[in-house]
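Have a look at model.json below; it lists JSON, C-alpha atoms and all ligand atoms.
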[["chain", "number", "residue", "atom", "x", "y", "z"],
["A", 192, "MET", "CA", 112.30, 118.65, 94.38],
["A", 193, "ALA", "CA", 112.72, 118.42, 90.61],
["A", 194, "PHE", "CA", 112.79, 114.81, 89.43],
["A", 195, "GLU", "CA", 115.15, 113.51, 86.73],
["A", 196, "THR", "CA", 114.36, 109.81, 86.62],
["A", 197, "ILE", "CA", 110.58, 109.92, 86.97],
["A", 198, "ASN", "CA", 107.74, 112.12, 85.69],
["A", 199, "VAL", "CA", 104.78, 112.95, 87.88],
["A", 200, "ASP", "CA", 101.41, 114.22, 86.60],
["A", 201, "ILE", "CA", 98.39, 114.87, 88.74],
["A", 202, "GLU", "CA", 95.07, 114.92, 86.95],
["A", 203, "ASP", "CA", 91.54, 114.35, 88.19],
["A", 204, "HIS", "CA", 92.73, 113.24, 91.64],
["A", 205, "VAL", "CA", 95.11, 110.61, 90.24],
["A", 206, "ALA", "CA", 98.90, 110.93, 90.51],
["A", 207, "LEU", "CA", 100.55, 109.22, 87.56],
["A", 208, "ILE", "CA", 104.22, 108.40, 88.26],
["A", 209, "LYS", "CA", 106.13, 107.34, 85.15],
["A", 210, "LEU", "CA", 109.57, 105.77, 85.56],
["A", 211, "ASN", "CA", 111.84, 107.50, 83.08],
["A", 212, "ARG", "CA", 115.27, 105.97, 82.47],
["A", 213, "PRO", "CA", 114.62, 104.73, 78.94],
["A", 214, "ASP", "CA", 118.29, 104.02, 78.15],
["A", 215, "ALA", "CA", 118.47, 101.57, 81.06],
["A", 216, "LEU", "CA", 114.98, 100.07, 80.67],
["A", 217, "ASN", "CA", 114.00, 101.96, 83.83],
["A", 218, "ALA", "CA", 116.55, 100.12, 85.97],
["A", 219, "LEU", "CA", 116.10, 101.16, 89.58],
["A", 220, "ASN", "CA", 119.20, 103.07, 90.61],
["A", 221, "GLN", "CA", 119.56, 104.92, 93.90],
["A", 222, "GLN", "CA", 118.42, 108.19, 92.36],
["A", 223, "LEU", "CA", 115.26, 106.67, 90.89],
["A", 224, "LEU", "CA", 114.39, 104.88, 94.13],
["A", 225, "THR", "CA", 114.92, 108.09, 96.12],
["A", 226, "GLU", "CA", 112.81, 110.12, 93.70],
["A", 227, "LEU", "CA", 110.09, 107.47, 93.57],
["A", 228, "LEU", "CA", 109.81, 107.30, 97.36],
["A", 229, "LYS", "CA", 109.66, 111.10, 97.54],
["A", 230, "ALA", "CA", 106.97, 111.27, 94.81],
["A", 231, "LEU", "CA", 104.91, 108.56, 96.52],
["A", 232, "GLY", "CA", 105.17, 110.34, 99.88],
["A", 233, "ASP", "CA", 104.19, 113.65, 98.25],
["A", 234, "ALA", "CA", 101.19, 112.04, 96.55],
["A", 235, "ASP", "CA", 100.13, 110.33, 99.77],
["A", 236, "GLY", "CA", 100.17, 113.67, 101.57],
["A", 237, "ASN", "CA", 98.53, 115.68, 98.79],
["A", 238, "ASP", "CA", 94.80, 116.30, 99.37],
["A", 239, "LYS", "CA", 94.23, 116.55, 95.62],
["A", 240, "VAL", "CA", 95.41, 112.95, 95.11],
["A", 241, "ARG", "CA", 93.11, 110.02, 95.85],
["A", 242, "CYS", "CA", 94.83, 107.22, 93.93],
["A", 243, "ILE", "CA", 98.33, 106.65, 92.52],
["A", 244, "VAL", "CA", 99.41, 104.84, 89.34],
["A", 245, "ILE", "CA", 103.01, 103.77, 88.71],
["A", 246, "THR", "CA", 104.01, 102.89, 85.16],
["A", 247, "GLY", "CA", 107.06, 102.58, 82.92],
["A", 248, "SER", "CA", 107.48, 102.53, 79.14],
["A", 249, "ASP", "CA", 106.02, 100.20, 76.51],
["A", 250, "LYS", "CA", 109.23, 98.15, 76.56],
["A", 251, "ALA", "CA", 109.88, 98.06, 80.29],
["A", 252, "PHE", "CA", 108.07, 98.75, 83.51],
["A", 253, "ALA", "CA", 111.52, 98.28, 85.09],
["A", 254, "ALA", "CA", 114.24, 95.74, 84.25],
["A", 255, "GLY", "CA", 115.34, 95.46, 87.86],
["A", 256, "ALA", "CA", 117.76, 97.13, 90.20],
["A", 257, "ASP", "CA", 120.57, 98.87, 88.33],
["A", 258, "ILE", "CA", 123.13, 96.11, 87.78],
["A", 259, "LYS", "CA", 125.83, 98.54, 86.68],
["A", 260, "GLU", "CA", 125.44, 100.48, 89.93],
["A", 261, "MET", "CA", 125.31, 97.32, 92.04],
["A", 262, "SER", "CA", 128.19, 95.52, 90.33],
["A", 263, "GLU", "CA", 130.84, 97.48, 92.22],
["A", 264, "MET", "CA", 129.19, 97.12, 95.62],
["A", 265, "SER", "CA", 130.59, 95.01, 98.44],
["A", 266, "PHE", "CA", 128.57, 93.45, 101.25],
["A", 267, "ALA", "CA", 129.41, 96.45, 103.38],
["A", 268, "ASP", "CA", 128.24, 98.82, 100.63],
["A", 269, "VAL", "CA", 124.92, 97.03, 100.08],
["A", 270, "ASN", "CA", 124.42, 96.75, 103.82],
["A", 271, "ASP", "CA", 125.09, 100.43, 104.09],
["A", 272, "VAL", "CA", 122.72, 101.51, 101.31],
["A", 273, "ASN", "CA", 119.76, 102.38, 103.44],
["A", 274, "LEU", "CA", 117.45, 102.39, 100.43],
["A", 275, "PHE", "CA", 117.84, 98.64, 99.88],
["A", 276, "ALA", "CA", 116.50, 98.14, 103.37],
["A", 277, "THR", "CA", 113.91, 100.89, 103.54],
["A", 278, "PHE", "CA", 112.43, 101.14, 100.04],
["A", 279, "GLY", "CA", 110.09, 98.17, 100.53],
["A", 280, "ASP", "CA", 108.86, 99.48, 103.87],
["A", 281, "GLY", "CA", 108.52, 102.97, 102.39],
["A", 282, "ILE", "CA", 106.22, 101.86, 99.60],
["A", 283, "GLN", "CA", 104.25, 99.67, 102.01],
["A", 284, "ASP", "CA", 103.62, 102.73, 104.19],
["A", 285, "ILE", "CA", 101.74, 104.58, 101.42],
["A", 286, "ARG", "CA", 98.14, 104.63, 102.61],
["A", 287, "LYS", "CA", 96.42, 105.64, 99.37],
["A", 288, "PRO", "CA", 95.73, 102.92, 96.78],
["A", 289, "VAL", "CA", 98.61, 102.35, 94.34],
["A", 290, "ILE", "CA", 98.16, 100.58, 90.98],
["A", 291, "ALA", "CA", 101.06, 99.26, 88.87],
["A", 292, "ALA", "CA", 100.42, 99.54, 85.12],
["A", 293, "VAL", "CA", 102.94, 97.12, 83.61],
["A", 294, "SER", "CA", 104.00, 96.87, 79.99],
["A", 295, "GLY", "CA", 107.08, 94.94, 78.86],
["A", 296, "TYR", "CA", 109.72, 93.79, 81.33],
["A", 297, "ALA", "CA", 109.03, 93.76, 85.07],
["A", 298, "LEU", "CA", 112.11, 91.91, 86.26],
["A", 299, "GLY", "CA", 113.91, 91.59, 89.56],
["A", 300, "GLY", "CA", 113.36, 94.80, 91.51],
["A", 301, "GLY", "CA", 110.88, 95.82, 88.76],
["A", 302, "CYS", "CA", 108.68, 92.79, 89.43],
["A", 303, "GLU", "CA", 109.10, 93.44, 93.15],
["A", 304, "LEU", "CA", 108.11, 97.09, 92.77],
["A", 305, "ALA", "CA", 104.98, 96.05, 90.85],
["A", 306, "MET", "CA", 104.13, 93.48, 93.53],
["A", 307, "ALA", "CA", 104.57, 96.06, 96.28],
["A", 308, "CYS", "CA", 101.75, 98.05, 94.66],
["A", 309, "ASP", "CA", 98.18, 97.18, 95.61],
["A", 310, "PHE", "CA", 97.40, 95.49, 92.32],
["A", 311, "ILE", "CA", 98.87, 95.08, 88.86],
["A", 312, "ILE", "CA", 97.17, 95.75, 85.55],
["A", 313, "ALA", "CA", 99.30, 94.25, 82.78],
["A", 314, "SER", "CA", 99.48, 94.74, 79.06],
["A", 315, "GLU", "CA", 99.63, 91.65, 76.85],
["A", 316, "THR", "CA", 103.35, 92.32, 76.40],
["A", 317, "ALA", "CA", 104.20, 92.19, 80.10],
["A", 318, "LYS", "CA", 106.90, 89.79, 81.26],
["A", 319, "PHE", "CA", 107.53, 89.13, 84.93],
["A", 320, "GLY", "CA", 110.59, 87.47, 86.38],
["A", 321, "GLN", "CA", 113.05, 87.17, 89.24],
["A", 322, "PRO", "CA", 116.24, 86.55, 87.24],
["A", 323, "GLU", "CA", 118.63, 87.57, 90.03],
["A", 324, "ILE", "CA", 119.85, 83.97, 90.19],
["A", 325, "ASN", "CA", 121.55, 84.58, 86.82],
["A", 326, "LEU", "CA", 123.62, 87.28, 88.50],
["A", 327, "GLY", "CA", 124.70, 85.08, 91.38],
["A", 328, "VAL", "CA", 122.31, 86.69, 93.85],
["A", 329, "ILE", "CA", 118.66, 86.36, 94.84],
["A", 330, "ALA", "CA", 115.62, 88.65, 95.02],
["A", 331, "GLY", "CA", 116.05, 91.41, 97.59],
["A", 332, "LEU", "CA", 112.82, 93.36, 97.63],
["A", 333, "GLY", "CA", 110.13, 90.73, 98.08],
["A", 334, "GLY", "CA", 110.60, 88.45, 95.08],
["A", 335, "SER", "CA", 110.86, 85.35, 97.24],
["A", 336, "GLN", "CA", 108.11, 86.48, 99.62],
["A", 337, "ARG", "CA", 105.40, 88.46, 97.79],
["A", 338, "LEU", "CA", 105.72, 86.33, 94.66],
["A", 339, "THR", "CA", 105.26, 83.15, 96.70],
["A", 340, "ARG", "CA", 102.16, 84.59, 98.35],
["A", 341, "ALA", "CA", 100.81, 85.69, 94.97],
["A", 342, "VAL", "CA", 101.45, 82.60, 92.84],
["A", 343, "GLY", "CA", 102.26, 79.80, 95.30],
["A", 344, "LYS", "CA", 105.42, 77.82, 95.99],
["A", 345, "ALA", "CA", 105.68, 75.87, 92.72],
["A", 346, "LYS", "CA", 105.74, 78.82, 90.35],
["A", 347, "SER", "CA", 107.71, 81.02, 92.75],
["A", 348, "MET", "CA", 110.43, 78.39, 93.14],
["A", 349, "ASP", "CA", 110.46, 77.85, 89.38],
["A", 350, "MET", "CA", 110.91, 81.57, 88.70],
["A", 351, "ASN", "CA", 113.40, 82.24, 91.50],
["A", 352, "LEU", "CA", 115.52, 79.15, 90.71],
["A", 353, "THR", "CA", 115.47, 79.10, 86.90],
["A", 354, "GLY", "CA", 115.10, 82.83, 86.36],
["A", 355, "ARG", "CA", 112.49, 82.21, 83.68],
["A", 356, "PHE", "CA", 109.99, 84.91, 82.76],
["A", 357, "MET", "CA", 106.22, 84.60, 83.09],
["A", 358, "ASP", "CA", 104.15, 86.18, 80.33],
["A", 359, "ALA", "CA", 101.01, 88.20, 80.97],
["A", 360, "ALA", "CA", 98.59, 85.34, 80.33],
["A", 361, "GLU", "CA", 100.40, 83.05, 82.77],
["A", 362, "ALA", "CA", 100.66, 85.88, 85.31],
["A", 363, "GLU", "CA", 96.90, 86.39, 85.14],
["A", 364, "ARG", "CA", 96.20, 82.66, 85.46],
["A", 365, "ALA", "CA", 98.55, 82.49, 88.44],
["A", 366, "GLY", "CA", 96.94, 85.46, 90.19],
["A", 367, "LEU", "CA", 99.93, 87.79, 89.96],
["A", 368, "VAL", "CA", 98.00, 90.41, 87.99],
["A", 369, "SER", "CA", 94.39, 91.47, 88.29],
["A", 370, "ARG", "CA", 93.74, 92.04, 84.57],
["A", 371, "VAL", "CA", 95.48, 91.82, 81.21],
["A", 372, "VAL", "CA", 94.59, 94.32, 78.52],
["A", 373, "PRO", "CA", 95.78, 95.07, 74.98],
["A", 374, "SER", "CA", 98.95, 97.12, 75.00],
["A", 375, "LYS", "CA", 97.30, 100.23, 73.53],
["A", 376, "LYS", "CA", 94.61, 100.17, 76.22],
["A", 377, "LEU", "CA", 96.92, 99.80, 79.22],
["A", 378, "MET", "CA", 96.99, 103.40, 80.40],
["A", 379, "GLU", "CA", 93.31, 103.98, 79.61],
["A", 380, "GLU", "CA", 92.39, 100.93, 81.69],
["A", 381, "ALA", "CA", 94.76, 101.78, 84.56],
["A", 382, "MET", "CA", 93.63, 105.41, 84.72],
["A", 383, "SER", "CA", 90.00, 104.40, 84.53],
["A", 384, "ALA", "CA", 90.50, 101.96, 87.45],
["A", 385, "ALA", "CA", 92.26, 104.74, 89.35],
["A", 386, "GLN", "CA", 89.41, 107.16, 88.61],
["A", 387, "LYS", "CA", 86.90, 104.63, 89.90],
["A", 388, "ILE", "CA", 88.88, 104.32, 93.14],
["A", 389, "ALA", "CA", 89.23, 108.11, 93.35],
["A", 390, "GLU", "CA", 85.44, 108.45, 93.35],
["A", 391, "LYS", "CA", 85.09, 106.34, 96.51],
["A", 392, "SER", "CA", 85.37, 107.52, 100.09],
["A", 393, "LEU", "CA", 89.10, 107.72, 100.78],
["A", 394, "ILE", "CA", 88.46, 106.61, 104.35],
["A", 395, "ALA", "CA", 86.79, 103.43, 103.08],
["A", 396, "ALA", "CA", 89.42, 102.87, 100.39],
["A", 397, "ARG", "CA", 92.24, 103.13, 102.91],
["A", 398, "SER", "CA", 90.38, 100.82, 105.23],
["A", 399, "ALA", "CA", 89.88, 98.23, 102.47],
["A", 400, "LYS", "CA", 93.58, 98.40, 101.58],
["A", 401, "GLU", "CA", 94.61, 97.98, 105.21],
["A", 402, "ALA", "CA", 92.24, 95.06, 105.70],
["A", 403, "VAL", "CA", 93.46, 93.18, 102.61],
["A", 404, "ASN", "CA", 97.09, 93.79, 103.56],
["A", 405, "ARG", "CA", 96.39, 92.59, 107.08],
["A", 406, "SER", "CA", 95.45, 89.19, 105.64],
["A", 407, "PHE", "CA", 99.13, 88.61, 104.83],
["A", 408, "GLU", "CA", 100.20, 89.30, 108.39],
["A", 409, "SER", "CA", 97.62, 87.48, 110.50],
["A", 410, "THR", "CA", 95.75, 84.28, 111.12],
["A", 411, "LEU", "CA", 92.28, 84.04, 109.57],
["A", 412, "ALA", "CA", 90.61, 84.60, 112.95],
["A", 413, "GLU", "CA", 92.71, 87.70, 113.66],
["A", 414, "GLY", "CA", 92.20, 89.00, 110.14],
["A", 415, "LEU", "CA", 88.45, 88.54, 110.36],
["A", 416, "LEU", "CA", 88.35, 90.33, 113.70],
["A", 417, "TYR", "CA", 90.43, 93.17, 112.25],
["A", 418, "GLU", "CA", 88.09, 93.42, 109.25],
["A", 419, "ARG", "CA", 84.96, 93.36, 111.41],
["A", 420, "ARG", "CA", 86.28, 96.11, 113.67],
["A", 421, "ALA", "CA", 87.27, 98.22, 110.65],
["A", 422, "PHE", "CA", 83.79, 97.66, 109.20],
["A", 423, "HIS", "CA", 82.18, 98.75, 112.47],
["A", 424, "ALA", "CA", 84.43, 101.84, 112.61],
["A", 425, "LEU", "CA", 83.24, 103.01, 109.20],
["A", 426, "PHE", "CA", 79.77, 103.48, 110.69],
["A", 427, "ALA", "CA", 81.24, 106.47, 112.50],
["A", 428, "THR", "CA", 81.79, 108.24, 109.15],
["A", 429, "GLU", "CA", 79.55, 110.62, 107.23],
["A", 430, "ASP", "CA", 80.57, 108.76, 104.07],
["A", 431, "GLN", "CA", 78.81, 105.62, 105.33],
["A", 432, "SER", "CA", 75.56, 107.56, 105.86],
["A", 433, "GLU", "CA", 75.95, 109.27, 102.48],
["A", 434, "GLY", "CA", 76.79, 106.04, 100.61],
["A", 435, "MET", "CA", 73.81, 104.17, 101.97],
["A", 436, "ALA", "CA", 71.42, 107.14, 101.59],
["A", 437, "ALA", "CA", 72.54, 107.58, 97.98],
["A", 438, "PHE", "CA", 71.78, 103.93, 97.24],
["A", 439, "ILE", "CA", 68.29, 104.22, 98.71],
["A", 440, "GLU", "CA", 67.63, 107.54, 96.94],
["A", 441, "LYS", "CA", 68.95, 106.07, 93.65],
["A", 442, "ARG", "CA", 71.59, 108.76, 93.12],
["A", 443, "GLU", "CA", 75.38, 108.99, 92.97],
["A", 444, "ALA", "CA", 77.04, 109.24, 96.38],
["A", 445, "GLN", "CA", 78.96, 112.43, 97.13],
["A", 446, "PHE", "CA", 81.73, 111.30, 99.43],
["A", 447, "ARG", "CA", 83.54, 113.93, 101.48],
["A", 448, "ASP", "CA", 86.12, 111.78, 103.27],
["A", 449, "LYS", "CA", 84.51, 112.57, 106.59],
["B", 1, "LIG", "N1", 120.45, 97.43, 85.25],
["B", 1, "LIG", "C1", 121.19, 98.28, 84.50],
["B", 1, "LIG", "N2", 121.05, 98.41, 83.15],
["B", 1, "LIG", "C2", 120.11, 97.65, 82.56],
["B", 1, "LIG", "C3", 119.31, 96.74, 83.27],
["B", 1, "LIG", "C4", 119.50, 96.65, 84.69],
["B", 1, "LIG", "N3", 118.75, 95.85, 85.47],
["B", 1, "LIG", "N4", 118.50, 96.11, 82.39],
["B", 1, "LIG", "C5", 118.77, 96.62, 81.18],
["B", 1, "LIG", "N5", 119.74, 97.55, 81.27],
["B", 1, "LIG", "C6", 120.37, 98.33, 80.18],
["B", 1, "LIG", "C7", 121.29, 97.48, 79.34],
["B", 1, "LIG", "O1", 122.57, 97.37, 79.95],
["B", 1, "LIG", "C8", 121.31, 98.27, 78.06],
["B", 1, "LIG", "O2", 122.15, 99.39, 78.22],
["B", 1, "LIG", "P1", 123.37, 99.64, 77.15],
["B", 1, "LIG", "O3", 122.66, 99.88, 75.86],
["B", 1, "LIG", "O4", 124.04, 100.83, 77.72],
["B", 1, "LIG", "O5", 124.19, 98.40, 77.15],
["B", 1, "LIG", "C9", 119.88, 98.81, 77.97],
["B", 1, "LIG", "O6", 119.35, 98.76, 79.28],
["B", 1, "LIG", "C10", 119.00, 97.96, 77.06],
["B", 1, "LIG", "O7", 119.06, 96.63, 77.51],
["B", 1, "LIG", "P2", 119.38, 95.39, 76.53],
["B", 1, "LIG", "O8", 120.24, 95.81, 75.41],
["B", 1, "LIG", "O9", 119.87, 94.26, 77.37],
["B", 1, "LIG", "O10", 117.89, 95.10, 75.99],
["B", 1, "LIG", "P3", 117.32, 93.74, 75.45],
["B", 1, "LIG", "O11", 116.02, 94.05, 74.83],
["B", 1, "LIG", "O12", 118.33, 92.99, 74.64],
["B", 1, "LIG", "O13", 117.08, 92.83, 76.78],
["B", 1, "LIG", "C11", 116.34, 92.45, 79.04],
["B", 1, "LIG", "C12", 116.15, 93.25, 77.73],
["B", 1, "LIG", "C13", 115.98, 90.98, 78.83],
["B", 1, "LIG", "C14", 115.39, 93.06, 80.07],
["B", 1, "LIG", "C15", 117.81, 92.58, 79.50],
["B", 1, "LIG", "O14", 118.18, 93.96, 79.50],
["B", 1, "LIG", "C16", 118.07, 92.04, 80.89],
["B", 1, "LIG", "O15", 118.18, 90.83, 81.08],
["B", 1, "LIG", "N6", 118.20, 92.94, 81.88],
["B", 1, "LIG", "C17", 118.55, 92.58, 83.25],
["B", 1, "LIG", "C18", 117.38, 91.95, 83.98],
["B", 1, "LIG", "C19", 117.79, 91.53, 85.35],
["B", 1, "LIG", "O16", 118.65, 90.69, 85.56],
["B", 1, "LIG", "N7", 117.14, 92.13, 86.38],
["B", 1, "LIG", "C20", 117.42, 91.84, 87.78],
["B", 1, "LIG", "C21", 118.42, 92.83, 88.33],
["B", 1, "LIG", "S1", 118.91, 92.46, 90.00],
["B", 1, "LIG", "C22", 117.62, 93.07, 90.93],
["B", 1, "LIG", "O17", 116.68, 93.59, 90.44],
["B", 1, "LIG", "C23", 117.71, 92.88, 92.42],
["B", 1, "LIG", "C24", 116.68, 93.67, 93.15],
["B", 1, "LIG", "C25", 116.99, 93.66, 94.60],
["B", 1, "LIG", "C26", 116.76, 94.80, 95.45],
["B", 1, "LIG", "C27", 116.28, 96.10, 94.98],
["B", 1, "LIG", "C28", 116.25, 97.07, 96.08],
["B", 1, "LIG", "C29", 115.55, 98.31, 95.77]]

Once you've parsed the file, please lay out its structure as structure tokens.
Ligand code: CO8
Amino acid sequence: MAFETINVDIEDHVALIKLNRPDALNALNQQLLTELLKALGDADGNDKVRCIVITGSDKAFAAGADIKEMSEMSFADVNDVNLFATFGDGIQDIRKPVIAAVSGYALGGGCELAMACDFIIASETAKFGQPEINLGVIAGLGGSQRLTRAVGKAKSMDMNLTGRFMDAAEAERAGLVSRVVPSKKLMEEAMSAAQKIAEKSLIAARSAKEAVNRSFESTLAEGLLYERRAFHALFATEDQSEGMAAFIEKREAQFRDK
């Protein structure tokens, strides 16, 4: 499938997916969402890919769902657009690690897309927000749920009710992003983080991702049990033997995902 609204490059085991609707600040229309889901699924199933990075342009990661496309929709239309219902689940189903590299605006569906990734690296210019309230609607892809889990009720309510934007420094203080870097260094930093992940055992990386995600869905006791069982299971892998032997022999581990 040839993509028109995104670019995909695979280099050194990292799939870099760049949103590419510059005239609309990468607004997420149906075509872009369809192409993005397809590209993510392809990357997840491609043996050459071990980590995925999603990014936008300097000015905008994504300025939200496409308002022009949505403006004509009725309840029945929105209800009927399967993508609005399935996109969030689709991105959650990606088993390889996914990093969002955010510069400029990450608003509405753009902020929600970034939050659906495993972690966010932001440039100093990044601005996050859930301004749907200004349009007479509310967040529809996790902005009231993932944002609240990430930054707590006070800031989430503030952003969802006033529609104000959070800059990169505030987003880092609040725990929404894992690191903030100078604008020029964003892609270098994101790709270097992705490379680091790509060097690990993919079995362990997937397991770590699943365990962290499980913490959002379970009690502490259940989460701890899940983590412990996943930890035990990794002792059935060759990568566990290799990783520990490499440490003892003072050499780099050669993981084989076995
Ligand atoms: N949808 C469609 N077009 C957009 C969007 C958008 N979300 N954002 C920007 N654009 C377009 C503008 O219309 C403009 O196009 P044109 O030149 O043809 O008029 C072009 O991009 C450039 O935008 P601006 O001229 O407005 O640029 P500024 O630098 O002046 O302002 C802003 C940048 C502040 C980002 C401004 O564009 C803005 O406020 N955009 C809208 C932000 C917003 O409200 N986002 C939330 C949308 S609703 C949503 O995301 C709901 C998600 C729910 C579910 C998703 C399911 C998948």

From A:Val293, A:Ile394, A:Ile439, A:Leu298, residue lying nearest ligand LIG 1 (chain B) [all atoms listed in the file]: A:Leu298

Near-Arg286 of chain A list (12 Å; all atoms listed in the file; drop same-chain fewer than 3 positions) as a PyMOL selection string: chain A and resi 231-237+240-243+280-283+289+308-309+393-402+404

Write the selection just made, keeping C-alpha atoms, as a PDB file, keeping the file's coordinate frame?
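Saved the output as out37.pdb:
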ATOM      1  CA  LEU A 231     104.910 108.560  96.520  1.00  0.00           C
ATOM      2  CA  GLY A 232     105.170 110.340  99.880  1.00  0.00           C
ATOM      3  CA  ASP A 233     104.190 113.650  98.250  1.00  0.00           C
ATOM      4  CA  ALA A 234     101.190 112.040  96.550  1.00  0.00           C
ATOM      5  CA  ASP A 235     100.130 110.330  99.770  1.00  0.00           C
ATOM      6  CA  GLY A 236     100.170 113.670 101.570  1.00  0.00           C
ATOM      7  CA  ASN A 237      98.530 115.680  98.790  1.00  0.00           C
ATOM      8  CA  VAL A 240      95.410 112.950  95.110  1.00  0.00           C
ATOM      9  CA  ARG A 241      93.110 110.020  95.850  1.00  0.00           C
ATOM     10  CA  CYS A 242      94.830 107.220  93.930  1.00  0.00           C
ATOM     11  CA  ILE A 243      98.330 106.650  92.520  1.00  0.00           C
ATOM     12  CA  ASP A 280     108.860  99.480 103.870  1.00  0.00           C
ATOM     13  CA  GLY A 281     108.520 102.970 102.390  1.00  0.00           C
ATOM     14  CA  ILE A 282     106.220 101.860  99.600  1.00  0.00           C
ATOM     15  CA  GLN A 283     104.250  99.670 102.010  1.00  0.00           C
ATOM     16  CA  VAL A 289      98.610 102.350  94.340  1.00  0.00           C
ATOM     17  CA  CYS A 308     101.750  98.050  94.660  1.00  0.00           C
ATOM     18  CA  ASP A 309      98.180  97.180  95.610  1.00  0.00           C
ATOM     19  CA  LEU A 393      89.100 107.720 100.780  1.00  0.00           C
ATOM     20  CA  ILE A 394      88.460 106.610 104.350  1.00  0.00           C
ATOM     21  CA  ALA A 395      86.790 103.430 103.080  1.00  0.00           C
ATOM     22  CA  ALA A 396      89.420 102.870 100.390  1.00  0.00           C
ATOM     23  CA  ARG A 397      92.240 103.130 102.910  1.00  0.00           C
ATOM     24  CA  SER A 398      90.380 100.820 105.230  1.00  0.00           C
ATOM     25  CA  ALA A 399      89.880  98.230 102.470  1.00  0.00           C
ATOM     26  CA  LYS A 400      93.580  98.400 101.580  1.00  0.00           C
ATOM     27  CA  GLU A 401      94.610  97.980 105.210  1.00  0.00           C
ATOM     28  CA  ALA A 402      92.240  95.060 105.700  1.00  0.00           C
ATOM     29  CA  ASN A 404      97.090  93.790 103.560  1.00  0.00           C
TER      30      ASN A 404
END

Using all atoms listed in the file, which of A:Ile311, A:Ile329, A:Ala317, A:Glu226 sits nearest ligand LIG 1 (chain B)? A:Ile329

Counting only C-alpha atoms, select every polymer residue within 8 Å of (112.7, 81.4, 91.1) as defined in the file's coordinates, and provide the selection as a ChimeraX atom specification. /A:320-322,324,335,346-355

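In this structure, atom CA of Asn217 of chain A sits 27.9 Å away from atom CA of Lys387 of chain A.
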
Please provide the set of residues having any atom within 10 Å of segment 248-265 of chain A, restricted to all atoms listed in the file, with same-chain residues fewer than 4 positions apart removed, written as a PyMOL selection string. chain A and resi 209-213+215-221+223-224+269-272+275+291-305+313-314+316-323+326+330-332+374-375+377

Between atom CA of Asp358 of chain A and atom C17 of ligand LIG 1 (chain B) - distance in Å to one decimal: 16.0 Å

Can you measure atom CA of Ala427 of chain A to atom CA of Ala389 of chain A for me? One decimal in Å is fine. 20.8 Å

Box dimensions and centre (Å, one decimal) enclosing ligand LIG 1 (chain B), axis-aligned, 8 Å extra per side, as lines of an AutoDock Vina configuration file:
center_x = 119.8
center_y = 95.8
center_z = 85.4
size_x = 24.8
size_y = 26.1
size_z = 37.4
